>>> print(open('start-v8.txt').read())   # compact mmCIF, C-alpha atoms
# COMPACT_ATOMS: atom_id res chain seq x y z
CA MET A 1 41.11 154.40 -35.80
CA SER A 2 42.20 151.93 -33.10
CA ASN A 3 43.37 153.48 -29.84
CA THR A 4 45.41 150.41 -28.93
CA THR A 5 49.07 149.85 -29.67
CA GLY A 6 48.67 146.12 -30.26
CA TYR A 7 47.82 144.63 -33.63
CA VAL A 8 47.05 141.40 -35.45
CA ASP A 9 48.94 140.02 -38.45
CA VAL A 10 47.18 137.16 -40.23
CA VAL A 11 49.14 134.33 -41.84
CA LEU A 12 47.19 131.91 -44.01
CA GLY A 13 47.46 129.48 -46.91
CA LEU A 14 46.50 130.61 -50.41
CA GLN A 15 46.06 127.23 -52.10
CA TRP A 16 44.45 123.91 -51.15
CA GLY A 17 46.28 123.59 -47.85
CA ASP A 18 49.68 122.03 -47.08
CA GLU A 19 51.47 125.25 -48.04
CA GLY A 20 53.87 125.17 -45.08
CA LYS A 21 51.99 127.39 -42.63
CA GLY A 22 53.44 125.67 -39.56
CA LYS A 23 57.04 126.36 -40.52
CA ILE A 24 56.30 130.02 -41.32
CA ALA A 25 54.22 130.63 -38.18
CA ASP A 26 57.08 129.17 -36.13
CA PHE A 27 59.64 131.24 -38.08
CA LEU A 28 57.66 134.46 -37.55
CA THR A 29 56.80 133.83 -33.88
CA PRO A 30 59.82 135.65 -32.35
CA LYS A 31 58.31 138.93 -33.64
CA TYR A 32 55.03 138.30 -31.77
CA ASP A 33 53.75 137.88 -28.23
CA VAL A 34 50.82 135.65 -29.17
CA VAL A 35 50.04 133.01 -31.81
CA ALA A 36 46.32 132.23 -32.15
CA ARG A 37 44.52 129.57 -34.22
CA PHE A 38 41.16 130.87 -35.46
CA GLN A 39 39.48 128.01 -37.39
CA GLY A 40 39.72 124.37 -38.39
CA GLY A 41 40.55 121.48 -36.14
CA PRO A 42 42.74 118.39 -35.99
CA ASN A 43 42.42 118.00 -39.77
CA ALA A 44 45.27 120.53 -39.88
CA GLY A 45 48.81 119.20 -39.94
CA HIS A 46 51.30 122.02 -39.39
CA SER A 47 54.83 120.64 -39.70
CA LEU A 48 57.74 122.34 -37.94
CA GLU A 49 61.34 121.22 -38.30
CA MET A 50 63.98 122.38 -35.83
CA ASN A 51 67.53 121.09 -35.67
CA GLY A 52 66.63 118.22 -37.96
CA LYS A 53 63.67 117.06 -35.85
CA LYS A 54 60.12 117.23 -37.21
CA HIS A 55 57.09 118.16 -35.08
CA VAL A 56 53.49 118.00 -36.34
CA LEU A 57 50.86 120.22 -34.70
CA ASN A 58 47.18 119.63 -35.39
CA THR A 59 45.32 121.93 -32.99
CA ILE A 60 48.00 123.64 -30.89
CA PRO A 61 49.25 126.91 -32.45
CA SER A 62 52.71 126.88 -34.03
CA GLY A 63 54.29 129.22 -31.47
CA ILE A 64 54.23 126.59 -28.74
CA PHE A 65 57.99 125.86 -28.90
CA HIS A 66 58.83 129.49 -28.04
CA GLU A 67 59.13 129.82 -24.26
CA ASN A 68 57.57 133.25 -23.79
CA CYS A 69 54.85 133.05 -26.45
CA ILE A 70 51.14 132.85 -25.56
CA ASN A 71 49.34 130.26 -27.73
CA LEU A 72 45.56 130.51 -28.05
CA ILE A 73 43.09 128.01 -29.50
CA GLY A 74 40.30 130.37 -30.55
CA ASN A 75 36.53 130.01 -30.50
CA GLY A 76 36.43 129.26 -34.25
CA VAL A 77 38.41 126.05 -33.79
CA VAL A 78 36.76 122.65 -33.25
CA MET A 79 38.61 120.58 -30.67
CA ASP A 80 38.91 116.82 -30.19
CA PRO A 81 39.80 116.22 -26.50
CA VAL A 82 41.37 112.83 -27.26
CA ARG A 83 43.60 114.04 -30.09
CA LEU A 84 44.40 117.29 -28.29
CA MET A 85 45.62 115.44 -25.20
CA GLU A 86 47.73 113.12 -27.38
CA GLU A 87 49.19 116.20 -29.07
CA ILE A 88 49.81 117.93 -25.73
CA ARG A 89 51.69 114.91 -24.36
CA ARG A 90 53.75 114.66 -27.54
CA THR A 91 54.54 118.38 -27.51
CA GLU A 92 55.43 118.40 -23.81
CA ALA A 93 57.76 115.44 -24.38
CA ALA A 94 59.49 117.51 -27.08
CA GLY A 95 60.23 120.23 -24.51
CA ALA A 96 57.35 122.73 -24.85
CA ASN A 97 55.78 124.23 -21.72
CA VAL A 98 52.16 123.62 -22.74
CA LYS A 99 50.70 124.06 -19.23
CA LYS A 100 52.13 127.60 -19.07
CA ASN A 101 51.72 128.82 -22.64
CA LEU A 102 48.54 127.22 -24.04
CA TYR A 103 45.11 128.83 -23.58
CA ILE A 104 41.87 127.32 -24.90
CA SER A 105 38.68 129.21 -25.69
CA ARG A 106 35.65 128.13 -23.69
CA LYS A 107 33.62 128.79 -26.85
CA ALA A 108 35.54 126.31 -29.03
CA ASN A 109 33.20 123.48 -30.05
CA ILE A 110 34.04 119.92 -28.97
CA ILE A 111 34.36 116.99 -31.36
CA LEU A 112 32.45 114.10 -29.80
CA PRO A 113 33.14 110.39 -30.50
CA THR A 114 29.97 110.18 -32.57
CA HIS A 115 31.03 113.16 -34.72
CA LYS A 116 33.89 111.02 -36.03
CA LEU A 117 31.53 108.09 -36.58
CA LEU A 118 29.10 110.36 -38.45
CA ASP A 119 31.98 111.57 -40.62
CA ALA A 120 32.82 107.99 -41.61
CA ALA A 121 29.14 107.11 -42.13
CA SER A 122 28.55 110.14 -44.35
CA GLU A 123 31.62 109.48 -46.52
CA GLN A 124 30.66 105.82 -46.86
CA LYS A 125 27.15 106.78 -47.96
CA LYS A 126 28.50 109.14 -50.65
CA GLY A 127 30.34 106.34 -52.46
CA ASP A 128 31.99 107.76 -55.58
CA GLN A 129 30.97 111.29 -54.54
CA LYS A 130 33.30 111.35 -51.50
CA ILE A 131 34.73 114.81 -50.73
CA GLY A 132 37.94 113.38 -49.28
CA SER A 133 37.23 114.04 -45.60
CA THR A 134 40.04 113.37 -43.13
CA LEU A 135 37.38 111.56 -41.02
CA ARG A 136 38.33 113.59 -37.95
CA GLY A 137 34.70 114.62 -37.24
CA ILE A 138 35.24 118.23 -38.35
CA GLY A 139 32.24 118.57 -40.67
CA PRO A 140 29.66 117.02 -38.31
CA THR A 141 30.97 119.19 -35.44
CA TYR A 142 30.59 122.39 -37.46
CA ARG A 143 27.12 121.21 -38.55
CA ASP A 144 26.11 120.91 -34.89
CA LYS A 145 27.68 124.28 -34.14
CA TYR A 146 25.65 126.06 -36.81
CA GLY A 147 22.61 123.95 -35.98
CA ARG A 148 22.90 125.34 -32.43
CA SER A 149 23.14 121.89 -30.89
CA GLY A 150 26.87 121.49 -30.30
CA LEU A 151 28.86 121.26 -27.07
CA ARG A 152 31.60 123.77 -26.31
CA ALA A 153 34.74 123.52 -24.22
CA GLY A 154 33.16 125.52 -21.39
CA ASP A 155 30.42 122.90 -21.13
CA MET A 156 33.02 120.41 -19.84
CA PHE A 157 32.97 122.28 -16.52
CA SER A 158 29.17 122.27 -16.24
CA ASP A 159 27.37 120.13 -13.66
CA ASN A 160 25.01 118.84 -16.36
CA PHE A 161 27.67 118.12 -19.00
CA LYS A 162 26.80 114.41 -19.06
CA GLN A 163 23.13 115.18 -19.77
CA LYS A 164 24.06 117.59 -22.58
CA TYR A 165 26.41 114.97 -23.96
CA GLU A 166 23.76 112.23 -23.89
CA ALA A 167 21.26 114.45 -25.73
CA CYS A 168 23.80 114.97 -28.54
CA ILE A 169 24.68 111.28 -28.68
CA GLU A 170 21.04 110.23 -29.04
CA ARG A 171 20.62 112.57 -32.03
CA HIS A 172 23.77 111.19 -33.60
CA LYS A 173 22.70 107.58 -33.09
CA ALA A 174 19.47 108.29 -34.96
CA LEU A 175 21.48 109.73 -37.84
CA MET A 176 23.76 106.71 -37.96
CA THR A 177 20.71 104.48 -38.15
CA HIS A 178 19.61 106.54 -41.16
CA TYR A 179 23.06 105.97 -42.73
CA ASP A 180 22.78 102.23 -41.90
CA PHE A 181 26.11 102.55 -40.08
CA THR A 182 26.38 100.11 -37.19
CA ASP A 183 29.94 98.80 -37.13
CA PHE A 184 31.44 100.69 -34.18
CA ASP A 185 32.27 100.33 -30.49
CA LEU A 186 30.97 103.52 -28.89
CA GLU A 187 31.69 102.42 -25.32
CA SER A 188 35.47 102.22 -25.81
CA LEU A 189 35.45 105.55 -27.68
CA GLU A 190 33.55 107.16 -24.80
CA ASN A 191 35.96 105.83 -22.17
CA GLU A 192 38.83 107.39 -24.09
CA PHE A 193 36.85 110.63 -24.55
CA PHE A 194 35.95 111.15 -20.88
CA ASN A 195 39.45 110.25 -19.69
CA ALA A 196 40.85 112.89 -22.05
CA ILE A 197 38.36 115.48 -20.80
CA ASP A 198 39.32 114.85 -17.17
CA GLU A 199 42.97 115.39 -18.10
CA LEU A 200 42.31 118.40 -20.33
CA LYS A 201 40.39 120.27 -17.62
CA SER A 202 43.67 120.89 -15.77
CA TYR A 203 44.83 123.19 -18.60
CA GLN A 204 43.97 126.89 -19.05
CA PHE A 205 40.52 127.79 -20.43
CA VAL A 206 39.56 131.41 -21.07
CA ASP A 207 36.79 133.62 -22.42
CA SER A 208 38.97 134.10 -25.47
CA GLU A 209 37.30 137.18 -26.96
CA TYR A 210 38.02 139.14 -23.76
CA PHE A 211 41.41 137.49 -23.38
CA VAL A 212 42.64 138.44 -26.86
CA ASN A 213 41.22 141.97 -26.78
CA ASP A 214 42.83 142.57 -23.38
CA LEU A 215 46.13 141.48 -24.90
CA LEU A 216 45.65 144.03 -27.68
CA LYS A 217 44.99 146.75 -25.09
CA GLN A 218 48.26 145.78 -23.44
CA GLY A 219 50.03 146.43 -26.77
CA LYS A 220 50.64 142.78 -27.57
CA LYS A 221 51.47 141.71 -31.12
CA ILE A 222 49.34 138.80 -32.28
CA LEU A 223 49.92 136.38 -35.14
CA ALA A 224 46.62 134.79 -36.23
CA GLU A 225 47.36 131.40 -37.76
CA GLY A 226 45.01 129.96 -40.36
CA ALA A 227 44.57 126.28 -41.17
CA GLN A 228 43.80 124.49 -44.45
CA GLY A 229 43.89 126.85 -47.48
CA SER A 230 41.93 129.62 -49.18
CA MET A 231 40.68 127.37 -51.98
CA LEU A 232 39.08 125.18 -49.30
CA ASP A 233 37.06 128.06 -47.81
CA ILE A 234 33.45 127.05 -47.15
CA ASP A 235 32.10 130.08 -49.05
CA PHE A 236 34.74 130.80 -51.69
CA GLY A 237 36.53 127.50 -52.25
CA SER A 238 35.82 124.70 -54.71
CA TYR A 239 32.47 123.86 -53.08
CA PRO A 240 31.45 121.18 -52.08
CA PHE A 241 35.06 119.91 -52.03
CA VAL A 242 35.98 122.28 -49.22
CA THR A 243 36.52 122.35 -45.48
CA SER A 244 33.83 123.41 -43.00
CA SER A 245 35.14 126.83 -41.98
CA ASN A 246 36.21 130.20 -43.40
CA THR A 247 39.90 129.91 -44.17
CA ILE A 248 40.38 133.44 -45.58
CA SER A 249 41.44 136.47 -43.51
CA GLY A 250 37.83 137.39 -42.69
CA GLY A 251 37.55 134.15 -40.72
CA MET A 252 39.96 135.59 -38.18
CA THR A 253 37.54 138.23 -36.93
CA VAL A 254 34.83 135.73 -36.03
CA GLY A 255 37.25 132.95 -35.11
CA LEU A 256 38.93 135.08 -32.42
CA GLY A 257 36.41 137.84 -31.68
CA VAL A 258 38.74 140.58 -32.93
CA ALA A 259 37.46 143.58 -34.90
CA PRO A 260 38.82 144.00 -38.46
CA LYS A 261 40.37 147.36 -37.56
CA HIS A 262 43.04 145.54 -35.55
CA ILE A 263 44.46 143.76 -38.61
CA ARG A 264 47.79 145.33 -39.55
CA SER A 265 48.76 143.02 -42.42
CA VAL A 266 47.88 139.75 -44.13
CA LYS A 267 50.68 137.38 -45.06
CA GLY A 268 49.78 134.79 -47.70
CA ILE A 269 51.69 131.53 -48.05
CA PHE A 270 51.88 129.59 -51.30
CA LYS A 271 54.00 126.79 -52.68
CA ALA A 272 56.06 127.36 -55.85
CA TYR A 273 53.86 124.60 -57.30
CA CYS A 274 50.43 123.24 -56.25
CA THR A 275 49.17 120.24 -54.33
CA ARG A 276 45.78 119.00 -53.27
CA VAL A 277 44.53 116.15 -51.06
CA GLY A 278 41.23 114.40 -51.67
CA SER A 279 38.62 115.05 -54.35
CA GLY A 280 37.77 118.23 -56.20
CA PRO A 281 38.97 120.27 -59.17
CA PHE A 282 42.68 120.83 -59.74
CA PRO A 283 43.20 122.44 -63.19
CA SER A 284 47.02 122.32 -63.11
CA GLU A 285 47.29 118.73 -61.87
CA LEU A 286 50.03 116.66 -63.49
CA PHE A 287 49.61 112.96 -64.28
CA ASP A 288 53.06 112.49 -65.81
CA ASN A 289 56.61 112.07 -64.54
CA ASN A 290 56.77 115.75 -63.60
CA GLY A 291 53.86 115.25 -61.17
CA GLU A 292 55.52 112.21 -59.61
CA ASP A 293 58.86 114.05 -59.39
CA LEU A 294 57.15 116.90 -57.50
CA ARG A 295 55.53 114.42 -55.12
CA GLN A 296 58.75 112.54 -54.34
CA LYS A 297 61.10 115.54 -54.21
CA GLY A 298 58.63 117.58 -52.15
CA PHE A 299 57.68 114.65 -49.83
CA GLU A 300 54.07 115.39 -50.69
CA PHE A 301 52.30 113.10 -48.26
CA GLY A 302 49.81 114.38 -45.66
CA ALA A 303 51.30 115.37 -42.29
CA THR A 304 48.10 114.21 -40.56
CA THR A 305 46.83 111.41 -42.82
CA GLY A 306 49.93 110.25 -44.73
CA ARG A 307 47.89 110.35 -47.94
CA PRO A 308 49.84 111.06 -51.15
CA ARG A 309 49.00 114.54 -52.42
CA ARG A 310 47.97 115.33 -55.96
CA CYS A 311 50.66 117.53 -57.53
CA GLY A 312 50.76 120.11 -60.32
CA TRP A 313 52.23 123.38 -61.53
CA LEU A 314 51.49 126.69 -59.83
CA ASP A 315 47.95 127.96 -60.59
CA LEU A 316 48.13 131.74 -60.90
CA VAL A 317 44.37 132.18 -61.44
CA ALA A 318 43.63 130.57 -58.07
CA LEU A 319 46.51 132.44 -56.41
CA LYS A 320 45.27 135.85 -57.58
CA TYR A 321 41.76 134.94 -56.42
CA ALA A 322 42.99 134.04 -52.93
CA VAL A 323 45.09 137.20 -52.72
CA MET A 324 42.02 139.27 -53.61
CA LEU A 325 39.74 137.57 -51.06
CA SER A 326 42.08 138.08 -48.11
CA GLY A 327 43.62 141.43 -49.06
CA VAL A 328 47.10 139.89 -48.95
CA ASP A 329 49.86 142.45 -48.32
CA GLU A 330 52.88 140.20 -48.74
CA LEU A 331 53.60 136.76 -50.09
CA ILE A 332 55.69 133.91 -48.72
CA MET A 333 56.81 131.31 -51.28
CA MET A 334 57.50 127.79 -50.03
CA LYS A 335 59.35 124.77 -51.42
CA SER A 336 61.10 126.64 -54.23
CA ASP A 337 63.95 124.14 -53.82
CA VAL A 338 61.68 121.34 -55.09
CA LEU A 339 61.61 122.93 -58.56
CA SER A 340 65.39 122.65 -58.97
CA GLY A 341 66.28 120.36 -61.86
CA PHE A 342 63.24 120.99 -64.07
CA ASP A 343 64.29 122.25 -67.53
CA LYS A 344 61.05 124.19 -67.77
CA VAL A 345 58.91 125.51 -64.92
CA CYS A 346 55.29 126.06 -65.94
CA VAL A 347 52.69 128.38 -64.41
CA GLY A 348 48.97 128.15 -65.13
CA THR A 349 47.83 131.61 -66.26
CA GLY A 350 44.32 130.77 -67.47
CA TYR A 351 41.76 127.96 -67.76
CA LYS A 352 40.18 126.12 -70.67
CA ASN A 353 36.98 124.07 -70.30
CA HIS A 354 35.69 121.02 -72.21
CA GLN A 355 34.24 123.28 -74.91
CA GLY A 356 37.54 125.06 -75.43
CA GLU A 357 36.31 128.29 -73.81
CA GLU A 358 38.99 130.22 -71.92
CA VAL A 359 38.67 132.20 -68.67
CA ASP A 360 41.12 133.81 -66.27
CA THR A 361 38.86 133.94 -63.19
CA ILE A 362 37.25 131.36 -60.85
CA PRO A 363 33.64 131.10 -62.09
CA PHE A 364 30.67 129.66 -60.22
CA ASP A 365 30.84 126.42 -62.25
CA PHE A 366 34.52 125.89 -61.39
CA VAL A 367 33.83 122.40 -60.04
CA ASP A 368 31.74 121.17 -62.99
CA ALA A 369 33.40 122.88 -65.96
CA GLY A 370 36.32 120.46 -66.20
CA PHE A 371 38.92 123.21 -66.42
CA THR A 372 42.53 122.53 -67.36
CA SER A 373 45.26 125.13 -67.07
CA ARG A 374 46.76 127.14 -69.91
CA TYR A 375 50.47 127.52 -69.18
CA THR A 376 53.28 130.03 -69.44
CA GLU A 377 56.74 128.44 -69.52
CA HIS A 378 59.83 129.67 -67.70
CA GLU A 379 63.44 128.58 -67.85
CA GLY A 380 64.21 126.28 -64.94
CA TRP A 381 67.26 126.16 -62.70
CA SER A 382 69.50 123.21 -61.89
CA GLU A 383 71.21 124.58 -58.78
CA ASP A 384 70.50 123.11 -55.33
CA LEU A 385 68.86 125.95 -53.38
CA THR A 386 68.72 124.31 -49.95
CA ALA A 387 72.01 125.75 -48.65
CA ILE A 388 71.35 129.30 -49.89
CA ARG A 389 70.93 131.87 -47.11
CA SER A 390 70.92 135.12 -49.11
CA GLU A 391 68.92 136.46 -52.05
CA ASP A 392 72.20 137.43 -53.73
CA GLU A 393 72.95 133.72 -54.18
CA PHE A 394 69.73 132.95 -56.10
CA PRO A 395 70.28 131.62 -59.65
CA GLU A 396 69.35 134.19 -62.29
CA THR A 397 66.48 132.12 -63.72
CA PHE A 398 65.05 131.72 -60.19
CA LYS A 399 65.26 135.49 -59.65
CA ASN A 400 63.42 135.99 -62.95
CA TYR A 401 60.69 133.55 -61.86
CA ILE A 402 60.17 135.41 -58.57
CA HIS A 403 60.12 138.83 -60.25
CA TRP A 404 57.62 137.65 -62.88
CA LEU A 405 55.29 136.23 -60.20
CA GLU A 406 55.41 139.52 -58.25
CA GLN A 407 54.51 141.48 -61.39
CA GLU A 408 51.63 139.16 -62.25
CA VAL A 409 50.09 139.01 -58.77
CA GLY A 410 50.89 142.62 -57.80
CA VAL A 411 52.10 141.68 -54.31
CA PRO A 412 55.73 141.42 -53.16
CA ILE A 413 57.27 138.05 -52.26
CA LYS A 414 58.94 138.89 -48.94
CA VAL A 415 60.04 135.44 -47.79
CA VAL A 416 61.35 132.46 -49.78
CA SER A 417 61.59 129.03 -48.13
CA LEU A 418 64.26 126.67 -49.46
CA GLY A 419 63.75 123.66 -47.20
CA PRO A 420 61.84 122.48 -44.11
CA ASP A 421 64.21 123.79 -41.43
CA ARG A 422 63.87 127.23 -39.81
CA ALA A 423 67.31 128.16 -41.11
CA GLN A 424 66.36 127.44 -44.73
CA THR A 425 64.43 130.68 -45.03
CA VAL A 426 65.49 133.81 -46.92
CA VAL A 427 63.90 137.18 -46.10
CA ARG A 428 64.06 139.43 -49.16
CA GLY A 429 64.82 143.13 -48.90
>>> encode(input="start-v8.txt", output="structure tokens")
Amino acid sequence: MSNTTGYVDVVLGLQWGDEGKGKIADFLTPKYDVVARFQGGPNAGHSLEMNGKKHVLNTIPSGIFHENCINLIGNGVVMDPVRLMEEIRRTEAAGANVKKNLYISRKANIILPTHKLLDAASEQKKGDQKIGSTLRGIGPTYRDKYGRSGLRAGDMFSDNFKQKYEACIERHKALMTHYDFTDFDLESLENEFFNAIDELKSYQFVDSEYFVNDLLKQGKKILAEGAQGSMLDIDFGSYPFVTSSNTISGGMTVGLGVAPKHIRSVKGIFKAYCTRVGSGPFPSELFDNNGEDLRQKGFEFGATTGRPRRCGWLDLVALKYAVMLSGVDELIMMKSDVLSGFDKVCVGTGYKNHQGEEVDTIPFDFVDAGFTSRYTEHEGWSEDLTAIRSEDEFPETFKNYIHWLEQEVGVPIKVVSLGPDRAQTVVRG
């Protein structure tokens, strides 16, 4: 039993990313003293909308617009100095006090210019087998991390940083020769990189494992913010069409250096339908007018890349799987308003493969089996939900949909989001 009064709540996505984690982390922040990112990098695009203005955060935690909230970039995150400084300048211009409230782990690995080049070279080499990388250098940086040859944020302050950097660059150049990738201007990328590092060094760097555990001893309440989604987890997602880190709740313990006993609850975020960016299986994907309607009504285009997202009905098999993996205690349903106007709302409750065999779990051959969803239909609702501020105002068919989902998954839906703004959020009793 923990002898501290502080605790950690984990908030994470339960699908293929883009669930609306930024809005919810921002909405929940007033209840916490700290918001901490524990994995991923600038491939994340957490959108926050306040007073009609949209802000996109890629590496900075989503509590940064709250004046008295500590925001920590944890050791499990990979950090691009150039993009981070661009994001800091943008966020400061929007009124956030980044110098005061942002802390960066010295153990966070750095994305080098050649990591991004390697990302592009690798995707080009794969041809039709592309995994849909955002080309932000995330995968190559994690490869160096686990290959014990990466550079970390604390290295930026070392007297021999340039020598360490050059050793990494020489390895990467050899790899790019192997990929036959030569069309790049490394010198201009390096100038940008070192200028960003000089600027970034004026911000607050900490030994984050001590920092966060000291905060727990002080009784601080911490919200651990995940990036990407559970179905993109490196171990349990639709491998190899996954991200390079552990996106489930267990990733928090190694991504922040916090023991599991400090976790009080896990909050899982899902959309009332499904989307996916890039390649990989998507059993409930729609290729008809319904899919296009979801994309247009839900503005389903990447916050970071602008890429149109693949759209489909809610996949309950994948949702139950993600809930199981992270021990989710409560659910948060996003973008319910997008489903308004559909005569029928479908939910995938099982899979069928090419041979007609049916399953209701995620098997090892999930990627290769060619699964399509088997659906259960529900009556839709025509009412506009975006102005609703109380559960009592929900249309009856929408209430039935929520209740049915809770029964099927076995976890309560505590929050329902009905639009992008903070105010368009209903907390259920």
>>> residues_around(input="start-v8.txt", residues="Ser373 (chain A)", least_positions_apart="3", cutoff="6 Å", atoms="all atoms listed in the file", output="list in words")
Pro283, Ser284, Gly348, Gly350 and Tyr351 of chain A
>>> write_last_selection(input="start-v8.txt", atoms="C-alpha atoms", output="mmCIF file, in the coordinates of the input")
data_model
loop_
_atom_site.group_PDB
_atom_site.id
_atom_site.type_symbol
_atom_site.label_atom_id
_atom_site.label_comp_id
_atom_site.auth_asym_id
_atom_site.auth_seq_id
_atom_site.Cartn_x
_atom_site.Cartn_y
_atom_site.Cartn_z
ATOM 1 C CA PRO A 283 43.200 122.440 -63.190
ATOM 2 C CA SER A 284 47.020 122.320 -63.110
ATOM 3 C CA GLY A 348 48.970 128.150 -65.130
ATOM 4 C CA GLY A 350 44.320 130.770 -67.470
ATOM 5 C CA TYR A 351 41.760 127.960 -67.760
#
>>> closest_residue(input="start-v8.txt", among="A:Glu199, A:Asp33, A:Asp360, A:Asp159", to="Leu215 (chain A)", atoms="all atoms listed in the file")
A:Asp33
>>> residues_near_point(input="start-v8.txt", point="(45.3, 125.7, -43.4)", cutoff="6 Å", atoms="all atoms listed in the file", output="ChimeraX atom specification")
/A:13,17,226-229
>>> write_last_selection(input="start-v8.txt", atoms="C-alpha atoms", output="CSV table (one decimal), keeping the file's coordinate frame")
chain,number,residue,atom,x,y,z
A,13,GLY,CA,47.5,129.5,-46.9
A,17,GLY,CA,46.3,123.6,-47.8
A,226,GLY,CA,45.0,130.0,-40.4
A,227,ALA,CA,44.6,126.3,-41.2
A,228,GLN,CA,43.8,124.5,-44.4
A,229,GLY,CA,43.9,126.8,-47.5
>>> closest_atom_pairs(input="start-v8.txt", of="region 176-229 of chain A", to="region 255-274 of chain A", cutoff="9 Å", atoms="only C-alpha atoms", output="CSV")
residue,atom,partner,partner_atom,distance
A:Ser208,CA,A:Leu256,CA,7.0
A:Glu209,CA,A:Gly257,CA,4.8
A:Tyr210,CA,A:Gly257,CA,8.2
A:Val212,CA,A:Leu256,CA,7.5
A:Asn213,CA,A:Val258,CA,6.8
A:Leu216,CA,A:His262,CA,8.4
A:Ala224,CA,A:Leu256,CA,8.6
>>> closest_residue(input="start-v8.txt", among="A:His354, A:Arg136, A:Arg171, A:Lys221", to="Ala36 (chain A)", atoms="only C-alpha atoms")
A:Lys221
>>> residues_around(input="start-v8.txt", residues="Asn109 (chain A)", least_positions_apart="2", cutoff="12 Å", atoms="all atoms listed in the file", output="JSON, numbers by chain")
{"A": [39, 40, 41, 73, 74, 75, 76, 77, 78, 79, 80, 81, 104, 105, 106, 107, 111, 112, 115, 137, 138, 139, 140, 141, 142, 143, 144, 145, 146, 148, 149, 150, 151, 152, 153, 154, 155, 156, 255]}
>>> atom_distance(input="start-v8.txt", atom1="CA of Asp119 (chain A)", atom2="CA of Asn58 (chain A)")
18.0 Å
>>> closest_residue(input="start-v8.txt", among="A:Ile222, A:Phe194, A:Phe161, A:Asp183", to="Tyr7 (chain A)", atoms="only C-alpha atoms")
A:Ile222
>>> closest_residue(input="start-v8.txt", among="A:Thr114, A:Thr376, A:Gln218, A:Ser382", to="Tyr165 (chain A)", atoms="only C-alpha atoms")
A:Thr114
